[in-house]
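Data first, discussion second: the structure below is written as structure tokens.
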Amino acid sequence: MSGTLSQIKSNTLTSRAGLLVGPEFPELDYSAQITAIRALPDARAANVLSVIGAAYAKDVVSFGHVADLARMFEVDLRPSWQVDQSFLERYTKGELKFIAQECGLVAHVGEKRFAKMLASKKPELITGMLNRIGFDWAGRLPSAITLDGTYGAPPDRGAHQAEAPIAELAA
């Protein structure tokens, strides 16, 4: 987060995970590593997940491993990430339409009204997408931001809060 991750050697991150979990941890296969982490007390597991997250961010062996970790530890980006102007500016108008469809904005405003929005210049389109009355972007992830390429409406917040300890580990 501070911009210094690129200066840390990948074997440093691996050895730190070994220190936090146990000396045998670096030699375990991938699924055994997940099992070992799940067996840790919550606070210790949170530290380990931070180190492992940093290691994958630095030197991903396989994106499939990142997605596996996210599923296993129920990582949910919805509470911490939101569609914003800088995100939308990276996309073409066609891609913006796709994002709006995935996130429910087109259904919210209607096809005809969104087509009118799409006919405007890109900066006005983005402003219109972000400032639509009655539409909340919170908890809506386009497939481009999800780990598994799926999207959907935000889950029921009450159900999500019942699982807070696991979500806190992932954060």
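Every chain in the structure tokens takes a letter, A first, then B, and so on in the order presented; its residues are numbered from 1, and the ligands are numbered from 1 following the presented order.
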
ask   = Using only C-alpha atoms, which residues sit within 9 Å of segment 82-95 of chain A once same-chain residues fewer than 4 positions away are excluded, as a ChimeraX atom specification?
value = /A:77-78,99-100,118,121-123,125-127,130,137-142

query = So what do you get for atom CA of Ala70 of chain A versus atom CA of Glu27 of chain A, distance-wise?
reply = 21.3 Å

request  = Between A:Ala144, A:Ala119, A:Ala43, A:Val106, single out the one closest to Arg132 of chain A, counting only C-alpha atoms.
outcome  =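 Closest residue, counting only C-alpha atoms: A:Val106.
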
remark   = In Å and to one decimal, atom CA of Leu40 of chain A is distant from atom CA of Leu20 of chain A by 9.7 Å

Among listed residues A:Val48, A:Ala115, A:Ile133, A:Ile34, nearest Asp68 of chain A (using only C-alpha atoms) =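 Under the stated criterion, the closest residue is A:Ile34.
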
request  = May I ask which of the residues A:Gly64, A:Asp42, A:Met129, A:Asp136 is the closest one to Lys97 of chain A, counting only C-alpha atoms?
outcome  =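 Under the stated criterion, the closest residue is A:Met129.
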